[in-house]
Amino acid sequence: MSHAAMLRTPLYDAHLKLNARMVPFAGYEMPVQYSSIIAESKAVREGAGMFDVSHMARVSFSGEGVEAFLEQITTNDVSKLGDGQGQYSMMPNHGGGIVDDIIVYRITSDHFEVVFNASNHAKDVAWSNQFMPSTVTMSDKTADTVMVAVQGPSARKIVASLSDNPTAINEAAMFEVVNCKIAGVDTFAACSGYTGEDGYELIYSNSEAETVWNALLEAGVAACGLGSRDTLRVEAGLPLYGHELTDELSPIAAGLGWVISKTKSFNGSVAINKAREEGTATKLQGIKLSAKRLIAPGMKVYLGEEEVGEVSSGVVSPLLDTGIAFAFINSEIKQGTEVAIDVRGKREPGVVANKRFFKRA
């Protein structure tokens with residue numbers, strides 16, 4: 001796709017003002033970095049950084065029977081949500097693979113907001129339409145809104161300082177929603193993110209795109225791009241669709257059984273429950289290299305001379321100052337096992353580790 005044919009978020013001009021390096025991503029021109037991936041990663045780990053995630057799809061489902069519909073097409077227990085609460089979940093296919101991983105927010109008993117991955121926007125809408133009853137209405141809000149993720153140990157305090165309801169912002173639990181004004185702009189503030197840090201994802205009108213963004217900049221939040229976002233999510237052990245989740249891979253192999261209901265029936269539940277009971281041939285593990293080498297998806301993992309797995313994601317971690325990766329490897333291999341990754345013909349030694357390389361105390 002040429003640059004001319006790509007979409008732009010409402011914050012495109014704001015990125016250019018900050019001299020961001022723009023790259024194609026999921027059909028959009030997106031900032032990959034402003035200063036450097038290392039500096040932006042450290043800004044999030046040490047203070048607060050923000051990401052334009054307006055390319056992600058924001059869809060509203062409402063009407064009679066909407067909860068039952070969402071129970072059918074998602075893995076997590078929607079019925080456990082109260083008003084103003086959200087949950088991480090997945091939309092499975094009938095074979096037990098994953099159409100997408102998503103976040104579901106309950107506004108009221110007959111109104112839910114759902115966030116899809118940008119690359120799966122059209123696919124998710126088409127998949128949902130297959131099962132949506134006539135009493136349920138779907139409204140796509142992506143083009144009309146902006147979504148900014150503010151992340152880091154100082155993120156909550158800064159968002160609260162710009163809010164007309166600081167108490168609610170400071171006290172909200174994970175995936176809880178606060179409807180408030182941020183920098184005077186009506187905002188859907190969801191306590192969530194993709195870095196392993198505390199923070200908020202802020203959704204508001206595209207007509208006010210730079211109002212909130214600039215207020216956050218002035219408050220000391222660093223603008224961050226896709227490069228640091230990928231590094232931060234791998235450090236935190238968080239999956240990316242197309243890498244750790246696909247239409248063919250079982251979420252059980254990816255270690256995501258915790259977001260799969262054990263009590264309800266849903267699309268693909270038979271296949272997923274079978275994988276849970278019988279286990280999978282491979283499972284997702286972390287690998288920490290001895291060297292500061294960038295590891296790419298598709299690189300092979302070896303135990304001695306035996307190929308035992310394949311890398312799904314890899315980065316150089318600014319936090320650990322070494323190469324780290326996710327890999328689907330033989331399920332019998334335990335953490336602490338010494339392995340090697342073939343990095344362009346050279347076997348780089350490493351050790352199998354918990355895929356949550358970083359966890360905020």
# chains A, B, ... in the order shown; residues from 1 in each chain; ligands from 1
>>> residues_around(residues="Ala168 (chain A)", least_positions_apart="5", cutoff="9 Å", atoms="only C-alpha atoms", output="PyMOL selection string")
chain A and resi 160+178+180
>>> residues_around(residues="Ser261 (chain A)", least_positions_apart="6", cutoff="8 Å", atoms="only C-alpha atoms", output="PyMOL selection string")
chain A and resi 75-77
>>> residues_around(residues="Ser54 (chain A)", least_positions_apart="3", cutoff="7 Å", atoms="only C-alpha atoms", output="PyMOL selection string")
chain A and resi 9+146-148
>>> residues_around(residues="region 223-240 of chain A", least_positions_apart="5", cutoff="7 Å", atoms="only C-alpha atoms", output="number ranges by chain")
A: 31-34, 37, 40-41, 49-51, 194-196, 245, 315, 317, 355-359
>>> write_last_selection(atoms="N, CA and C atoms", output="PDB file, in the first residue's frame")
ATOM      1  N   PRO A  31       3.459   6.690  13.948  1.00  0.00           N
ATOM      2  CA  PRO A  31       4.802   7.035  14.437  1.00  0.00           C
ATOM      3  C   PRO A  31       5.505   5.814  15.032  1.00  0.00           C
ATOM      4  N   VAL A  32       6.679   5.475  14.513  1.00  0.00           N
ATOM      5  CA  VAL A  32       7.430   4.357  15.085  1.00  0.00           C
ATOM      6  C   VAL A  32       8.330   4.849  16.216  1.00  0.00           C
ATOM      7  N   GLN A  33       8.796   6.106  16.114  1.00  0.00           N
ATOM      8  CA  GLN A  33       9.561   6.695  17.204  1.00  0.00           C
ATOM      9  C   GLN A  33       9.659   8.195  17.010  1.00  0.00           C
ATOM     10  N   TYR A  34       9.916   8.901  18.109  1.00  0.00           N
ATOM     11  CA  TYR A  34      10.119  10.349  18.097  1.00  0.00           C
ATOM     12  C   TYR A  34      11.587  10.671  18.389  1.00  0.00           C
ATOM     13  N   ILE A  37      13.866   4.492  20.575  1.00  0.00           N
ATOM     14  CA  ILE A  37      13.097   3.433  21.235  1.00  0.00           C
ATOM     15  C   ILE A  37      13.546   3.275  22.679  1.00  0.00           C
ATOM     16  N   GLU A  40      12.236   6.296  24.790  1.00  0.00           N
ATOM     17  CA  GLU A  40      10.790   6.232  24.977  1.00  0.00           C
ATOM     18  C   GLU A  40      10.399   5.095  25.899  1.00  0.00           C
ATOM     19  N   SER A  41      11.080   3.965  25.802  1.00  0.00           N
ATOM     20  CA  SER A  41      10.815   2.845  26.711  1.00  0.00           C
ATOM     21  C   SER A  41      11.117   3.246  28.152  1.00  0.00           C
ATOM     22  N   GLY A  49       4.580   7.866  29.526  1.00  0.00           N
ATOM     23  CA  GLY A  49       4.630   8.036  28.085  1.00  0.00           C
ATOM     24  C   GLY A  49       3.248   7.823  27.501  1.00  0.00           C
ATOM     25  N   MET A  50       3.042   8.327  26.289  1.00  0.00           N
ATOM     26  CA  MET A  50       1.719   8.142  25.668  1.00  0.00           C
ATOM     27  C   MET A  50       1.870   7.714  24.218  1.00  0.00           C
ATOM     28  N   PHE A  51       0.871   6.958  23.772  1.00  0.00           N
ATOM     29  CA  PHE A  51       0.853   6.377  22.440  1.00  0.00           C
ATOM     30  C   PHE A  51      -0.454   6.741  21.754  1.00  0.00           C
ATOM     31  N   TYR A 194      -0.975  -1.503  27.585  1.00  0.00           N
ATOM     32  CA  TYR A 194      -0.292  -2.596  26.878  1.00  0.00           C
ATOM     33  C   TYR A 194       1.208  -2.554  27.119  1.00  0.00           C
ATOM     34  N   THR A 195       1.590  -2.160  28.341  1.00  0.00           N
ATOM     35  CA  THR A 195       3.016  -1.999  28.631  1.00  0.00           C
ATOM     36  C   THR A 195       3.444  -2.694  29.918  1.00  0.00           C
ATOM     37  N   GLY A 196       2.488  -3.205  30.695  1.00  0.00           N
ATOM     38  CA  GLY A 196       2.798  -3.752  31.999  1.00  0.00           C
ATOM     39  C   GLY A 196       2.806  -2.702  33.090  1.00  0.00           C
ATOM     40  N   LEU A 245      -0.962 -14.957  18.788  1.00  0.00           N
ATOM     41  CA  LEU A 245      -2.348 -15.374  18.564  1.00  0.00           C
ATOM     42  C   LEU A 245      -2.650 -15.305  17.075  1.00  0.00           C
ATOM     43  N   VAL A 315      12.793  -8.710  20.834  1.00  0.00           N
ATOM     44  CA  VAL A 315      13.244  -7.328  20.937  1.00  0.00           C
ATOM     45  C   VAL A 315      14.567  -7.305  21.698  1.00  0.00           C
ATOM     46  N   SER A 317      15.814  -5.625  24.911  1.00  0.00           N
ATOM     47  CA  SER A 317      15.171  -4.998  26.057  1.00  0.00           C
ATOM     48  C   SER A 317      16.053  -3.912  26.669  1.00  0.00           C
ATOM     49  N   LYS A 355       7.754 -15.717  30.569  1.00  0.00           N
ATOM     50  CA  LYS A 355       7.605 -14.710  29.516  1.00  0.00           C
ATOM     51  C   LYS A 355       7.274 -13.324  30.059  1.00  0.00           C
ATOM     52  N   ARG A 356       6.957 -13.239  31.347  1.00  0.00           N
ATOM     53  CA  ARG A 356       6.804 -11.920  31.963  1.00  0.00           C
ATOM     54  C   ARG A 356       8.172 -11.492  32.488  1.00  0.00           C
ATOM     55  N   PHE A 357       8.962 -10.924  31.593  1.00  0.00           N
ATOM     56  CA  PHE A 357      10.307 -10.505  31.957  1.00  0.00           C
ATOM     57  C   PHE A 357      10.261  -9.343  32.960  1.00  0.00           C
ATOM     58  N   PHE A 358       9.186  -8.540  32.890  1.00  0.00           N
ATOM     59  CA  PHE A 358       9.029  -7.394  33.783  1.00  0.00           C
ATOM     60  C   PHE A 358       7.656  -7.452  34.413  1.00  0.00           C
ATOM     61  N   LYS A 359       7.625  -7.192  35.730  1.00  0.00           N
ATOM     62  CA  LYS A 359       6.341  -7.067  36.436  1.00  0.00           C
ATOM     63  C   LYS A 359       6.493  -6.005  37.492  1.00  0.00           C
TER      64      LYS A 359
END
>>> select_by_dssp(residues="region 11-121 of chain A", states="strand (DSSP E)", output="VMD selection string")
chain A and resid 21 to 25 28 to 33 49 to 52 57 to 63 85 to 92 98 to 108 111 to 116
>>> write_last_selection(atoms="N, CA and C atoms", output="compact mmCIF listing (two decimals), in the first residue's frame")
# COMPACT_ATOMS: atom_id res chain seq x y z
N ARG A 21 9.11 9.74 13.22
CA ARG A 21 9.37 8.94 12.02
C ARG A 21 8.13 8.09 11.76
N MET A 22 7.49 8.30 10.62
CA MET A 22 6.22 7.63 10.32
C MET A 22 6.47 6.40 9.47
N VAL A 23 5.71 5.33 9.76
CA VAL A 23 5.83 4.07 9.03
C VAL A 23 4.44 3.50 8.76
N PRO A 24 4.31 2.63 7.74
CA PRO A 24 3.03 1.95 7.52
C PRO A 24 2.76 0.92 8.62
N PHE A 25 1.54 0.90 9.14
CA PHE A 25 1.16 -0.10 10.13
C PHE A 25 -0.35 -0.28 10.10
N TYR A 28 -2.36 2.22 8.30
CA TYR A 28 -2.22 3.61 8.74
C TYR A 28 -0.76 4.06 8.63
N GLU A 29 -0.57 5.37 8.56
CA GLU A 29 0.75 5.96 8.77
C GLU A 29 0.86 6.25 10.26
N MET A 30 1.78 5.56 10.93
CA MET A 30 1.89 5.66 12.38
C MET A 30 3.31 6.03 12.80
N PRO A 31 3.46 6.69 13.95
CA PRO A 31 4.80 7.03 14.44
C PRO A 31 5.50 5.81 15.03
N VAL A 32 6.68 5.48 14.51
CA VAL A 32 7.43 4.36 15.08
C VAL A 32 8.33 4.85 16.22
N GLN A 33 8.80 6.11 16.11
CA GLN A 33 9.56 6.70 17.20
C GLN A 33 9.66 8.19 17.01
N GLY A 49 4.58 7.87 29.53
CA GLY A 49 4.63 8.04 28.08
C GLY A 49 3.25 7.82 27.50
N MET A 50 3.04 8.33 26.29
CA MET A 50 1.72 8.14 25.67
C MET A 50 1.87 7.71 24.22
N PHE A 51 0.87 6.96 23.77
CA PHE A 51 0.85 6.38 22.44
C PHE A 51 -0.45 6.74 21.75
N ASP A 52 -0.36 7.14 20.50
CA ASP A 52 -1.56 7.30 19.67
C ASP A 52 -1.98 5.91 19.21
N ALA A 57 -9.70 -0.34 16.54
CA ALA A 57 -11.13 -0.16 16.25
C ALA A 57 -11.94 -0.07 17.53
N ARG A 58 -12.89 0.86 17.54
CA ARG A 58 -13.78 1.06 18.68
C ARG A 58 -15.21 0.90 18.20
N VAL A 59 -15.87 -0.13 18.72
CA VAL A 59 -17.20 -0.51 18.23
C VAL A 59 -18.16 -0.64 19.41
N SER A 60 -19.36 -0.15 19.23
CA SER A 60 -20.41 -0.21 20.25
C SER A 60 -21.45 -1.26 19.85
N PHE A 61 -21.85 -2.09 20.81
CA PHE A 61 -22.94 -3.05 20.61
C PHE A 61 -24.04 -2.74 21.62
N SER A 62 -25.27 -2.64 21.15
CA SER A 62 -26.36 -2.32 22.07
C SER A 62 -27.65 -2.96 21.60
N GLY A 63 -28.56 -3.12 22.57
CA GLY A 63 -29.87 -3.68 22.25
C GLY A 63 -30.20 -4.92 23.07
N GLN A 85 -17.33 -1.64 33.98
CA GLN A 85 -16.21 -2.57 34.12
C GLN A 85 -15.87 -3.20 32.77
N GLY A 86 -14.61 -3.57 32.60
CA GLY A 86 -14.17 -4.19 31.36
C GLY A 86 -13.38 -5.45 31.62
N GLN A 87 -13.05 -6.18 30.55
CA GLN A 87 -12.25 -7.39 30.66
C GLN A 87 -11.50 -7.65 29.36
N TYR A 88 -10.32 -8.20 29.51
CA TYR A 88 -9.59 -8.71 28.35
C TYR A 88 -10.24 -10.02 27.93
N SER A 89 -10.37 -10.24 26.62
CA SER A 89 -11.05 -11.43 26.14
C SER A 89 -10.56 -11.75 24.73
N MET A 90 -11.14 -12.78 24.15
CA MET A 90 -10.80 -13.17 22.79
C MET A 90 -12.07 -13.58 22.05
N MET A 91 -12.05 -13.40 20.73
CA MET A 91 -13.10 -13.92 19.87
C MET A 91 -12.56 -15.17 19.19
N PRO A 92 -13.03 -16.35 19.58
CA PRO A 92 -12.52 -17.59 19.00
C PRO A 92 -13.28 -17.98 17.74
N ILE A 98 -8.05 -18.17 17.17
CA ILE A 98 -8.54 -16.87 17.62
C ILE A 98 -8.70 -15.90 16.44
N VAL A 99 -9.90 -15.36 16.34
CA VAL A 99 -10.19 -14.33 15.34
C VAL A 99 -9.49 -13.03 15.75
N ASP A 100 -9.54 -12.72 17.05
CA ASP A 100 -8.88 -11.52 17.57
C ASP A 100 -8.88 -11.57 19.09
N ASP A 101 -7.93 -10.85 19.71
CA ASP A 101 -8.03 -10.60 21.14
C ASP A 101 -8.52 -9.17 21.31
N ILE A 102 -9.39 -8.95 22.30
CA ILE A 102 -10.18 -7.74 22.39
C ILE A 102 -10.32 -7.30 23.84
N ILE A 103 -10.88 -6.12 24.04
CA ILE A 103 -11.32 -5.68 25.36
C ILE A 103 -12.80 -5.35 25.27
N VAL A 104 -13.57 -5.86 26.24
CA VAL A 104 -15.02 -5.66 26.29
C VAL A 104 -15.34 -4.82 27.52
N TYR A 105 -16.07 -3.71 27.33
CA TYR A 105 -16.50 -2.85 28.43
C TYR A 105 -18.04 -2.86 28.51
N ARG A 106 -18.55 -3.13 29.69
CA ARG A 106 -20.01 -3.03 29.90
C ARG A 106 -20.34 -1.62 30.36
N ILE A 107 -21.19 -0.95 29.62
CA ILE A 107 -21.67 0.37 30.02
C ILE A 107 -22.96 0.23 30.82
N THR A 108 -23.92 -0.50 30.24
CA THR A 108 -25.14 -0.91 30.95
C THR A 108 -25.45 -2.33 30.49
N HIS A 111 -25.73 -2.27 26.71
CA HIS A 111 -24.78 -1.42 25.96
C HIS A 111 -23.35 -1.80 26.35
N PHE A 112 -22.57 -2.23 25.35
CA PHE A 112 -21.18 -2.61 25.56
C PHE A 112 -20.30 -1.91 24.53
N GLU A 113 -19.08 -1.56 24.93
CA GLU A 113 -18.08 -1.01 24.03
C GLU A 113 -16.96 -2.04 23.88
N VAL A 114 -16.47 -2.25 22.65
CA VAL A 114 -15.45 -3.26 22.39
C VAL A 114 -14.32 -2.64 21.59
N VAL A 115 -13.08 -2.97 21.96
CA VAL A 115 -11.90 -2.51 21.23
C VAL A 115 -11.28 -3.69 20.50
N PHE A 116 -11.13 -3.56 19.17
CA PHE A 116 -10.52 -4.57 18.31
C PHE A 116 -9.11 -4.14 17.92
>>> closest_residue(among="A:Ala39, A:Met132, A:Ile182, A:Val221", to="Ile73 (chain A)", atoms="only C-alpha atoms")
A:Met132
>>> atom_distance(atom1="CA of Asp110 (chain A)", atom2="CA of Pro166 (chain A)")
28.0 Å
>>> residues_around(residues="Gln130 (chain A)", least_positions_apart="4", cutoff="12 Å", atoms="only C-alpha atoms", output="list in words")
Phe69, Gln72, Ile73, Asn93, Lys123, Asp124, Val125, Ala126, Ser134 and Asn267 of chain A
>>> write_last_selection(atoms="C-alpha atoms", output="JSON list (two decimals), in the first residue's frame")
[["chain", "number", "residue", "atom", "x", "y", "z"],
["A", 69, "PHE", "CA", -24.55, -12.41, 21.92],
["A", 72, "GLN", "CA", -21.38, -16.57, 22.42],
["A", 73, "ILE", "CA", -18.61, -14.83, 20.49],
["A", 93, "ASN", "CA", -13.34, -19.37, 15.77],
["A", 123, "LYS", "CA", -12.52, -9.14, 9.84],
["A", 124, "ASP", "CA", -13.93, -8.65, 13.35],
["A", 125, "VAL", "CA", -16.91, -6.65, 12.12],
["A", 126, "ALA", "CA", -17.71, -9.34, 9.53],
["A", 134, "SER", "CA", -31.62, -8.55, 14.79],
["A", 267, "ASN", "CA", -17.84, -20.52, 19.61]]
>>> atom_distance(atom1="CA of Glu310 (chain A)", atom2="CA of Gly268 (chain A)")
25.3 Å
>>> residues_around(residues="Leu162 (chain A)", least_positions_apart="2", cutoff="9 Å", atoms="only C-alpha atoms", output="list in words")
Lys157, Ile158, Val159, Ala160, Asp164, Asn165, Pro166, Lys181, Ile182, Ala183, Gly184, Val212, Ala215, Leu216 and Ala219 of chain A
>>> atom_distance(atom1="CA of Thr137 (chain A)", atom2="CA of Glu64 (chain A)")
9.1 Å
>>> select_by_dssp(residues="region 10-173 of chain A", states="alpha helix (DSSP H)", output="ChimeraX atom specification")
/A:12-17,37-46,66-73,121-131,155-161,166-171
>>> residues_around(residues="Lys334 (chain A)", least_positions_apart="4", cutoff="12 Å", atoms="only C-alpha atoms", output="list in words")
Thr282, Lys283, Leu284, Gln285, Gly286, Ile287, Leu303, Ile329, Asn330, Glu338, Val339, Val351, Val352, Ala353 and Asn354 of chain A
>>> closest_residue(among="A:Gly220, A:Gly257, A:Glu71, A:Glu306", to="Ser161 (chain A)", atoms="only C-alpha atoms")
A:Gly220
